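The structure file start10.txt is reproduced below (compact mmCIF, N, CA, C and O atoms).
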```
# COMPACT_ATOMS: atom_id res chain seq x y z
N MET A 1 6.39 -11.61 -6.33
CA MET A 1 5.08 -11.12 -5.94
C MET A 1 4.17 -11.17 -7.17
O MET A 1 4.55 -10.71 -8.23
N SER A 2 2.99 -11.69 -6.99
CA SER A 2 2.07 -11.71 -8.10
C SER A 2 0.68 -11.32 -7.62
O SER A 2 0.26 -11.67 -6.54
N GLY A 3 -0.01 -10.56 -8.46
CA GLY A 3 -1.38 -10.20 -8.20
C GLY A 3 -1.64 -9.40 -6.95
O GLY A 3 -2.54 -9.72 -6.20
N PRO A 4 -0.86 -8.31 -6.68
CA PRO A 4 -1.10 -7.57 -5.44
C PRO A 4 -2.39 -6.78 -5.49
O PRO A 4 -2.83 -6.35 -6.54
N THR A 5 -3.00 -6.63 -4.34
CA THR A 5 -4.14 -5.74 -4.19
C THR A 5 -3.86 -4.86 -3.00
O THR A 5 -3.06 -5.19 -2.14
N SER A 6 -4.48 -3.71 -2.97
CA SER A 6 -4.28 -2.84 -1.82
C SER A 6 -5.60 -2.16 -1.48
O SER A 6 -6.49 -2.06 -2.30
N THR A 7 -5.69 -1.70 -0.26
CA THR A 7 -6.87 -1.01 0.21
C THR A 7 -6.45 0.32 0.79
O THR A 7 -5.56 0.38 1.61
N PHE A 8 -7.08 1.39 0.33
CA PHE A 8 -6.84 2.69 0.90
C PHE A 8 -7.72 2.83 2.13
O PHE A 8 -8.87 2.43 2.10
N GLY A 9 -7.20 3.38 3.18
CA GLY A 9 -7.95 3.52 4.42
C GLY A 9 -8.81 4.76 4.45
O GLY A 9 -8.90 5.42 5.46
N ALA A 10 -9.44 5.12 3.33
CA ALA A 10 -10.30 6.29 3.29
C ALA A 10 -11.64 5.89 2.70
O ALA A 10 -11.70 5.09 1.78
N PRO A 11 -12.73 6.46 3.24
CA PRO A 11 -14.04 6.18 2.66
C PRO A 11 -14.09 6.63 1.21
O PRO A 11 -13.41 7.59 0.82
N VAL A 12 -14.88 5.96 0.40
CA VAL A 12 -14.99 6.28 -1.03
C VAL A 12 -15.35 7.74 -1.23
O VAL A 12 -14.87 8.38 -2.16
N GLU A 13 -16.18 8.29 -0.35
CA GLU A 13 -16.60 9.68 -0.49
C GLU A 13 -15.43 10.65 -0.46
O GLU A 13 -15.49 11.74 -0.96
N GLN A 14 -14.32 10.25 0.20
CA GLN A 14 -13.17 11.15 0.35
C GLN A 14 -12.22 11.09 -0.82
O GLN A 14 -11.32 11.91 -0.92
N LEU A 15 -12.38 10.10 -1.70
CA LEU A 15 -11.51 10.02 -2.87
C LEU A 15 -11.99 11.04 -3.89
O LEU A 15 -13.12 10.99 -4.35
N ASP A 16 -11.13 11.97 -4.24
CA ASP A 16 -11.54 12.95 -5.22
C ASP A 16 -11.26 12.44 -6.63
O ASP A 16 -10.51 11.49 -6.83
N LEU A 17 -11.88 13.05 -7.60
CA LEU A 17 -11.77 12.61 -8.99
C LEU A 17 -10.33 12.65 -9.48
O LEU A 17 -9.88 11.73 -10.17
N ALA A 18 -9.56 13.66 -9.09
CA ALA A 18 -8.17 13.77 -9.52
C ALA A 18 -7.35 12.58 -9.02
O ALA A 18 -6.52 12.04 -9.76
N THR A 19 -7.58 12.14 -7.79
CA THR A 19 -6.85 10.99 -7.24
C THR A 19 -7.23 9.72 -7.97
O THR A 19 -6.37 8.92 -8.32
N VAL A 20 -8.52 9.54 -8.22
CA VAL A 20 -8.98 8.35 -8.94
C VAL A 20 -8.36 8.31 -10.34
O VAL A 20 -7.88 7.26 -10.79
N ILE A 21 -8.33 9.41 -11.02
CA ILE A 21 -7.74 9.47 -12.37
C ILE A 21 -6.25 9.19 -12.29
O ILE A 21 -5.70 8.42 -13.10
N LYS A 22 -5.56 9.79 -11.32
CA LYS A 22 -4.11 9.58 -11.18
C LYS A 22 -3.79 8.10 -10.93
O LYS A 22 -2.88 7.55 -11.54
N VAL A 23 -4.54 7.45 -10.05
CA VAL A 23 -4.31 6.03 -9.77
C VAL A 23 -4.64 5.19 -11.00
O VAL A 23 -3.90 4.27 -11.35
N SER A 24 -5.72 5.51 -11.70
CA SER A 24 -6.09 4.77 -12.91
C SER A 24 -5.00 4.87 -13.97
O SER A 24 -4.65 3.88 -14.62
N GLN A 25 -4.44 6.05 -14.14
CA GLN A 25 -3.36 6.23 -15.10
C GLN A 25 -2.12 5.45 -14.68
O GLN A 25 -1.44 4.85 -15.51
N ALA A 26 -1.82 5.44 -13.39
CA ALA A 26 -0.66 4.70 -12.89
C ALA A 26 -0.81 3.22 -13.15
O ALA A 26 0.12 2.56 -13.63
N VAL A 27 -1.99 2.68 -12.87
CA VAL A 27 -2.23 1.25 -13.06
C VAL A 27 -2.17 0.88 -14.54
O VAL A 27 -1.56 -0.12 -14.91
N SER A 28 -2.77 1.70 -15.38
CA SER A 28 -2.80 1.36 -16.80
C SER A 28 -1.46 1.59 -17.49
O SER A 28 -1.17 0.96 -18.50
N GLY A 29 -0.62 2.46 -16.93
CA GLY A 29 0.64 2.78 -17.57
C GLY A 29 1.84 1.99 -17.08
O GLY A 29 2.92 2.09 -17.66
N GLU A 30 1.69 1.21 -16.04
CA GLU A 30 2.82 0.48 -15.47
C GLU A 30 2.77 -0.99 -15.81
O GLU A 30 1.75 -1.64 -15.66
N ILE A 31 3.89 -1.52 -16.27
CA ILE A 31 4.01 -2.94 -16.56
C ILE A 31 4.94 -3.60 -15.54
O ILE A 31 4.73 -4.73 -15.15
N VAL A 32 5.93 -2.88 -15.08
CA VAL A 32 6.88 -3.40 -14.11
C VAL A 32 6.25 -3.31 -12.71
O VAL A 32 5.88 -2.23 -12.25
N LEU A 33 6.11 -4.45 -12.05
CA LEU A 33 5.42 -4.53 -10.76
C LEU A 33 6.02 -3.57 -9.73
O LEU A 33 5.30 -2.87 -9.03
N GLU A 34 7.34 -3.54 -9.62
CA GLU A 34 7.99 -2.68 -8.63
C GLU A 34 7.66 -1.22 -8.86
O GLU A 34 7.42 -0.47 -7.92
N LYS A 35 7.63 -0.80 -10.12
CA LYS A 35 7.31 0.59 -10.45
C LYS A 35 5.85 0.89 -10.14
O LYS A 35 5.51 1.96 -9.63
N LEU A 36 4.96 -0.07 -10.41
CA LEU A 36 3.55 0.10 -10.11
C LEU A 36 3.33 0.26 -8.61
O LEU A 36 2.62 1.17 -8.17
N ILE A 37 3.97 -0.60 -7.81
CA ILE A 37 3.85 -0.49 -6.35
C ILE A 37 4.38 0.86 -5.88
O ILE A 37 3.76 1.52 -5.04
N ASP A 38 5.51 1.29 -6.42
CA ASP A 38 6.08 2.59 -6.06
C ASP A 38 5.09 3.71 -6.34
O ASP A 38 4.82 4.56 -5.48
N THR A 39 4.50 3.71 -7.53
CA THR A 39 3.56 4.76 -7.92
C THR A 39 2.32 4.74 -7.04
O THR A 39 1.85 5.79 -6.57
N LEU A 40 1.77 3.56 -6.78
CA LEU A 40 0.57 3.46 -5.94
C LEU A 40 0.84 3.88 -4.51
O LEU A 40 0.02 4.57 -3.89
N MET A 41 1.99 3.49 -3.96
CA MET A 41 2.32 3.86 -2.58
C MET A 41 2.51 5.38 -2.47
O MET A 41 2.03 5.99 -1.51
N ARG A 42 3.19 5.97 -3.44
CA ARG A 42 3.38 7.43 -3.42
C ARG A 42 2.03 8.15 -3.49
O ARG A 42 1.78 9.10 -2.74
N THR A 43 1.16 7.69 -4.38
CA THR A 43 -0.16 8.31 -4.53
C THR A 43 -0.97 8.17 -3.25
O THR A 43 -1.62 9.12 -2.80
N ALA A 44 -0.94 6.99 -2.62
CA ALA A 44 -1.69 6.76 -1.38
C ALA A 44 -1.19 7.67 -0.26
O ALA A 44 -1.99 8.27 0.46
N ILE A 45 0.13 7.78 -0.12
CA ILE A 45 0.72 8.62 0.94
C ILE A 45 0.36 10.09 0.70
O ILE A 45 -0.03 10.80 1.63
N GLU A 46 0.49 10.54 -0.55
CA GLU A 46 0.18 11.93 -0.86
C GLU A 46 -1.29 12.23 -0.62
O GLU A 46 -1.64 13.27 -0.05
N HIS A 47 -2.17 11.34 -1.03
CA HIS A 47 -3.61 11.56 -0.87
C HIS A 47 -4.00 11.57 0.61
O HIS A 47 -4.81 12.39 1.04
N ALA A 48 -3.42 10.66 1.37
CA ALA A 48 -3.77 10.55 2.78
C ALA A 48 -3.11 11.62 3.64
O ALA A 48 -3.52 11.85 4.77
N GLY A 49 -2.06 12.24 3.12
CA GLY A 49 -1.31 13.19 3.94
C GLY A 49 -0.57 12.48 5.06
O GLY A 49 -0.31 13.06 6.10
N ALA A 50 -0.23 11.22 4.83
CA ALA A 50 0.40 10.40 5.86
C ALA A 50 1.92 10.55 5.83
O ALA A 50 2.50 10.96 4.84
N GLU A 51 2.54 10.19 6.94
CA GLU A 51 4.00 10.16 7.03
C GLU A 51 4.55 8.78 6.71
O GLU A 51 5.71 8.63 6.37
N ARG A 52 3.69 7.75 6.84
CA ARG A 52 4.13 6.37 6.63
C ARG A 52 2.96 5.54 6.13
O ARG A 52 1.82 5.74 6.57
N GLY A 53 3.24 4.62 5.23
CA GLY A 53 2.20 3.72 4.74
C GLY A 53 2.79 2.35 4.47
O GLY A 53 3.97 2.24 4.10
N LEU A 54 1.99 1.32 4.68
CA LEU A 54 2.43 -0.05 4.44
C LEU A 54 1.50 -0.72 3.45
O LEU A 54 0.28 -0.53 3.52
N LEU A 55 2.06 -1.54 2.57
CA LEU A 55 1.28 -2.41 1.70
C LEU A 55 1.35 -3.79 2.33
O LEU A 55 2.41 -4.40 2.39
N ILE A 56 0.22 -4.26 2.84
CA ILE A 56 0.15 -5.54 3.53
C ILE A 56 -0.71 -6.48 2.69
O ILE A 56 -1.86 -6.16 2.38
N LEU A 57 -0.13 -7.63 2.34
CA LEU A 57 -0.83 -8.60 1.50
C LEU A 57 -0.86 -9.97 2.16
O LEU A 57 0.06 -10.32 2.89
N PRO A 58 -1.90 -10.74 1.88
CA PRO A 58 -1.92 -12.12 2.40
C PRO A 58 -0.94 -12.99 1.62
O PRO A 58 -0.85 -12.91 0.41
N ARG A 59 -0.18 -13.78 2.35
CA ARG A 59 0.75 -14.76 1.76
C ARG A 59 0.51 -16.06 2.51
O ARG A 59 0.93 -16.21 3.66
N GLY A 60 -0.22 -16.98 1.87
CA GLY A 60 -0.59 -18.20 2.56
C GLY A 60 -1.54 -17.85 3.69
O GLY A 60 -2.54 -17.16 3.48
N ASP A 61 -1.23 -18.30 4.88
CA ASP A 61 -2.08 -18.03 6.05
C ASP A 61 -1.61 -16.83 6.85
O ASP A 61 -2.12 -16.57 7.94
N GLU A 62 -0.62 -16.10 6.37
CA GLU A 62 -0.07 -14.96 7.09
C GLU A 62 -0.21 -13.69 6.29
O GLU A 62 -0.41 -13.72 5.08
N LEU A 63 -0.09 -12.57 6.97
CA LEU A 63 -0.02 -11.27 6.31
C LEU A 63 1.43 -10.85 6.25
O LEU A 63 2.17 -11.01 7.21
N GLN A 64 1.84 -10.30 5.11
CA GLN A 64 3.22 -9.86 4.91
C GLN A 64 3.24 -8.39 4.53
O GLN A 64 2.40 -7.93 3.75
N ILE A 65 4.22 -7.67 5.05
CA ILE A 65 4.47 -6.30 4.61
C ILE A 65 5.29 -6.41 3.33
O ILE A 65 6.40 -6.94 3.35
N GLU A 66 4.74 -5.94 2.23
CA GLU A 66 5.42 -6.04 0.93
C GLU A 66 6.12 -4.74 0.54
O GLU A 66 7.07 -4.77 -0.23
N ALA A 67 5.63 -3.60 1.05
CA ALA A 67 6.25 -2.32 0.74
C ALA A 67 5.96 -1.34 1.87
O ALA A 67 4.95 -1.45 2.56
N GLU A 68 6.88 -0.39 2.02
CA GLU A 68 6.72 0.66 3.02
C GLU A 68 7.06 1.99 2.37
O GLU A 68 8.07 2.11 1.67
N ALA A 69 6.22 2.98 2.59
CA ALA A 69 6.47 4.32 2.10
C ALA A 69 6.58 5.25 3.30
O ALA A 69 5.78 5.17 4.23
N THR A 70 7.59 6.09 3.29
CA THR A 70 7.77 7.08 4.35
C THR A 70 8.05 8.44 3.71
O THR A 70 8.48 8.52 2.57
N THR A 71 7.79 9.48 4.48
CA THR A 71 8.06 10.82 3.97
C THR A 71 9.24 11.42 4.72
O THR A 71 9.48 11.13 5.88
N ASN A 72 9.96 12.25 3.99
CA ASN A 72 11.07 13.01 4.55
C ASN A 72 10.96 14.39 3.93
O ASN A 72 11.43 14.61 2.82
N GLY A 73 10.28 15.29 4.62
CA GLY A 73 10.00 16.60 4.04
C GLY A 73 9.00 16.43 2.91
O GLY A 73 7.93 15.86 3.09
N ASP A 74 9.37 16.89 1.71
CA ASP A 74 8.49 16.76 0.54
C ASP A 74 8.79 15.50 -0.26
O ASP A 74 8.20 15.27 -1.31
N THR A 75 9.71 14.67 0.21
CA THR A 75 10.13 13.47 -0.51
C THR A 75 9.44 12.23 0.06
O THR A 75 9.35 12.06 1.27
N VAL A 76 8.93 11.39 -0.84
CA VAL A 76 8.35 10.11 -0.45
C VAL A 76 9.33 9.02 -0.84
O VAL A 76 9.78 8.95 -1.98
N ILE A 77 9.70 8.18 0.12
CA ILE A 77 10.65 7.09 -0.11
C ILE A 77 9.88 5.78 -0.01
O ILE A 77 9.22 5.52 1.00
N VAL A 78 9.94 4.96 -1.07
CA VAL A 78 9.25 3.67 -1.09
C VAL A 78 10.28 2.57 -1.10
O VAL A 78 11.20 2.57 -1.92
N ARG A 79 10.15 1.64 -0.15
CA ARG A 79 11.05 0.48 -0.08
C ARG A 79 10.23 -0.78 -0.22
O ARG A 79 9.25 -0.97 0.50
N LEU A 80 10.65 -1.65 -1.14
CA LEU A 80 10.02 -2.96 -1.24
C LEU A 80 10.63 -3.83 -0.15
O LEU A 80 11.84 -3.79 0.07
N ARG A 81 9.81 -4.60 0.52
CA ARG A 81 10.32 -5.48 1.57
C ARG A 81 9.40 -6.67 1.72
O ARG A 81 8.26 -6.63 1.28
N GLU A 82 9.90 -7.70 2.29
CA GLU A 82 9.09 -8.87 2.60
C GLU A 82 9.33 -9.18 4.07
O GLU A 82 10.36 -9.71 4.44
N ALA A 83 8.36 -8.82 4.88
CA ALA A 83 8.49 -9.03 6.32
C ALA A 83 7.14 -9.44 6.88
O ALA A 83 6.10 -9.00 6.41
N SER A 84 7.17 -10.29 7.88
CA SER A 84 5.94 -10.68 8.56
C SER A 84 5.36 -9.47 9.28
O SER A 84 6.10 -8.61 9.75
N VAL A 85 4.06 -9.42 9.35
CA VAL A 85 3.41 -8.33 10.07
C VAL A 85 3.59 -8.60 11.56
O VAL A 85 3.20 -9.64 12.07
N ALA A 86 4.22 -7.67 12.23
CA ALA A 86 4.40 -7.75 13.68
C ALA A 86 3.78 -6.49 14.27
O ALA A 86 3.85 -5.42 13.68
N ALA A 87 3.18 -6.63 15.42
CA ALA A 87 2.52 -5.49 16.05
C ALA A 87 3.47 -4.31 16.21
O ALA A 87 3.06 -3.16 16.08
N ALA A 88 4.73 -4.57 16.46
CA ALA A 88 5.70 -3.48 16.66
C ALA A 88 5.92 -2.68 15.38
O ALA A 88 6.30 -1.52 15.44
N ALA A 89 5.68 -3.28 14.21
CA ALA A 89 5.91 -2.60 12.94
C ALA A 89 4.73 -1.73 12.53
O ALA A 89 4.84 -0.94 11.61
N LEU A 90 3.60 -1.88 13.23
CA LEU A 90 2.39 -1.15 12.85
C LEU A 90 2.15 0.02 13.79
O LEU A 90 2.48 -0.04 14.97
N PRO A 91 1.53 1.08 13.27
CA PRO A 91 1.17 2.20 14.14
C PRO A 91 0.15 1.75 15.18
O PRO A 91 -0.61 0.80 14.95
N GLU A 92 0.09 2.44 16.29
CA GLU A 92 -0.87 2.10 17.35
C GLU A 92 -2.31 2.23 16.88
O GLU A 92 -3.20 1.57 17.40
N SER A 93 -2.54 3.09 15.88
CA SER A 93 -3.90 3.32 15.40
C SER A 93 -4.42 2.19 14.52
O SER A 93 -5.58 2.17 14.15
N ILE A 94 -3.58 1.23 14.20
CA ILE A 94 -3.97 0.11 13.33
C ILE A 94 -4.11 -1.15 14.17
O ILE A 94 -3.27 -1.46 14.98
N SER A 95 -5.18 -1.85 13.93
CA SER A 95 -5.29 -3.18 14.51
C SER A 95 -5.74 -4.12 13.40
O SER A 95 -6.58 -3.77 12.59
N ILE A 96 -5.17 -5.28 13.35
CA ILE A 96 -5.52 -6.26 12.33
C ILE A 96 -6.37 -7.33 12.99
O ILE A 96 -5.94 -7.96 13.94
N MET A 97 -7.55 -7.50 12.47
CA MET A 97 -8.46 -8.51 12.98
C MET A 97 -8.16 -9.83 12.27
O MET A 97 -7.90 -9.82 11.07
N PRO A 98 -8.17 -10.91 12.99
CA PRO A 98 -7.99 -12.22 12.32
C PRO A 98 -9.08 -12.40 11.27
O PRO A 98 -10.22 -12.05 11.49
N CYS A 99 -8.69 -12.89 10.12
CA CYS A 99 -9.67 -13.09 9.07
C CYS A 99 -9.37 -14.38 8.32
O CYS A 99 -8.23 -14.84 8.29
N ALA A 100 -10.39 -14.95 7.76
CA ALA A 100 -10.23 -16.15 6.94
C ALA A 100 -9.89 -15.69 5.53
O ALA A 100 -10.59 -14.84 4.97
N LEU A 101 -8.83 -16.19 4.97
CA LEU A 101 -8.44 -15.82 3.62
C LEU A 101 -9.13 -16.75 2.64
O LEU A 101 -9.02 -17.96 2.73
N ARG A 102 -9.86 -16.16 1.72
CA ARG A 102 -10.59 -16.94 0.72
C ARG A 102 -9.70 -17.16 -0.49
O ARG A 102 -9.08 -16.26 -1.00
N ARG A 103 -9.62 -18.37 -0.92
CA ARG A 103 -8.80 -18.71 -2.09
C ARG A 103 -9.69 -18.86 -3.29
O ARG A 103 -10.72 -19.49 -3.24
N ALA A 104 -9.24 -18.27 -4.40
CA ALA A 104 -10.00 -18.35 -5.65
C ALA A 104 -9.73 -19.65 -6.37
O ALA A 104 -8.76 -20.28 -6.24
```

What do you get writing this file as structure tokens?
Amino acid sequence: MSGPTSTFGAPVEQLDLATVIKVSQAVSGEIVLEKLIDTLMRTAIEHAGAERGLLILPRGDELQIEAEATTNGDTVIVRLREASVAAAALPESISIMPCALRRA
């Protein structure tokens, strides 16, 4: 995996300063990609108060699930994975619109 990006599903107004600082520190302090993804997924789940979160990235012409975070009580479990995005794997509240992927 190279050059991952992620999008938090919250409006900018809802991001508090503490969360922005925590994410900035995580990004600047991590060199190992797997550890960085783990830290970002944990922070996103904690900030959103979610039970489950997915990191979905474009790979060629498809979207791939690269990581999944789930909660079990107060514990957040992050698993790295490489799976095609299938409707069954996504919550009902999520819909993915077809989009053209721009290549740099």

Would you kindly return, as a PyMOL selection string, each protein, DNA or RNA residue with an atom no farther than 12 Å from any atom of A:Ala26, considering only C-alpha atoms and excluding same-chain residues fewer than 2 positions away? chain A and resi 19-24+28-33+35-44

Between A:Asp74, A:Glu66, A:Glu34, A:Asp16, which one has atoms that come closest to A:Leu54, using only C-alpha atoms? A:Glu66

Show me, as an NGL selection string, the residues that have an atom within 5 Å of A:Glu51 when counting all atoms listed in the file, minus same-chain residues fewer than 3 positions from it. :A and (69-71)

Could those residues be written to a file, using N, CA, C and O atoms, as a short mmCIF file (atom, residue, chain, number, x, y, z; two decimals), keeping the file's coordinate frame?
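Result written to out38.cif:
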```cif
data_model
loop_
_atom_site.label_atom_id
_atom_site.label_comp_id
_atom_site.auth_asym_id
_atom_site.auth_seq_id
_atom_site.Cartn_x
_atom_site.Cartn_y
_atom_site.Cartn_z
N ALA A 69 6.22 2.98 2.59
CA ALA A 69 6.47 4.32 2.10
C ALA A 69 6.58 5.25 3.30
O ALA A 69 5.78 5.17 4.23
N THR A 70 7.59 6.09 3.29
CA THR A 70 7.77 7.08 4.35
C THR A 70 8.05 8.44 3.71
O THR A 70 8.48 8.52 2.57
N THR A 71 7.79 9.48 4.48
CA THR A 71 8.06 10.82 3.97
C THR A 71 9.24 11.42 4.72
O THR A 71 9.48 11.13 5.88
#
```

Check the smallest atom-to-atom distance from each of A:Gly60, A:Ala18, A:Gln25, A:Arg52 to A:Ile77 using only N, CA, C and O atoms, then report the winner.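 Going through A:Gly60, A:Ala18, A:Gln25, A:Arg52 one by one, the smallest distance to A:Ile77 is for A:Arg52.
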
Just the number, please: distance in Å from atom CA of A:Ile56 to atom N of A:Val78, one decimal.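 We find that atom CA of A:Ile56 and atom N of A:Val78 lie 15.1 Å from each other.
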
Taking 2 positions as the minimum chain separation for residues in the same chain, which residues sit within 4.5 Å of stretch 81-85 of chain A when counting all atoms listed in the file? Answer as a PDB file with N, CA, C and O atoms, keeping the file's coordinate frame.
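Once written, selection-v5.pdb looks like this:
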```
ATOM      1  N   LEU A  63      -0.090 -12.570   6.970  1.00  0.00           N
ATOM      2  CA  LEU A  63      -0.020 -11.270   6.310  1.00  0.00           C
ATOM      3  C   LEU A  63       1.430 -10.850   6.250  1.00  0.00           C
ATOM      4  O   LEU A  63       2.170 -11.010   7.210  1.00  0.00           O
ATOM      5  N   GLN A  64       1.840 -10.300   5.110  1.00  0.00           N
ATOM      6  CA  GLN A  64       3.220  -9.860   4.910  1.00  0.00           C
ATOM      7  C   GLN A  64       3.240  -8.390   4.530  1.00  0.00           C
ATOM      8  O   GLN A  64       2.400  -7.930   3.750  1.00  0.00           O
ATOM      9  N   ILE A  65       4.220  -7.670   5.050  1.00  0.00           N
ATOM     10  CA  ILE A  65       4.470  -6.300   4.610  1.00  0.00           C
ATOM     11  C   ILE A  65       5.290  -6.410   3.330  1.00  0.00           C
ATOM     12  O   ILE A  65       6.400  -6.940   3.350  1.00  0.00           O
ATOM     13  N   GLU A  66       4.740  -5.940   2.230  1.00  0.00           N
ATOM     14  CA  GLU A  66       5.420  -6.040   0.930  1.00  0.00           C
ATOM     15  C   GLU A  66       6.120  -4.740   0.540  1.00  0.00           C
ATOM     16  O   GLU A  66       7.070  -4.770  -0.230  1.00  0.00           O
ATOM     17  N   ALA A  67       5.630  -3.600   1.050  1.00  0.00           N
ATOM     18  CA  ALA A  67       6.250  -2.320   0.740  1.00  0.00           C
ATOM     19  C   ALA A  67       5.960  -1.340   1.870  1.00  0.00           C
ATOM     20  O   ALA A  67       4.950  -1.450   2.560  1.00  0.00           O
ATOM     21  N   ARG A  79      10.150   1.640  -0.150  1.00  0.00           N
ATOM     22  CA  ARG A  79      11.050   0.480  -0.080  1.00  0.00           C
ATOM     23  C   ARG A  79      10.230  -0.780  -0.220  1.00  0.00           C
ATOM     24  O   ARG A  79       9.250  -0.970   0.500  1.00  0.00           O
ATOM     25  N   ALA A  87       3.180  -6.630  15.420  1.00  0.00           N
ATOM     26  CA  ALA A  87       2.520  -5.490  16.050  1.00  0.00           C
ATOM     27  C   ALA A  87       3.470  -4.310  16.210  1.00  0.00           C
ATOM     28  O   ALA A  87       3.060  -3.160  16.080  1.00  0.00           O
TER      29      ALA A  87
END
```

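Note that atom N of A:Ile45 and atom C of A:Leu57 are 17.9 Å apart.
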
To one decimal place in Å, what is the distance between atom C of A:Pro58 and atom CA of A:Val27?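 Spanning atom C of A:Pro58 to atom CA of A:Val27 is a straight-line distance of 20.5 Å.
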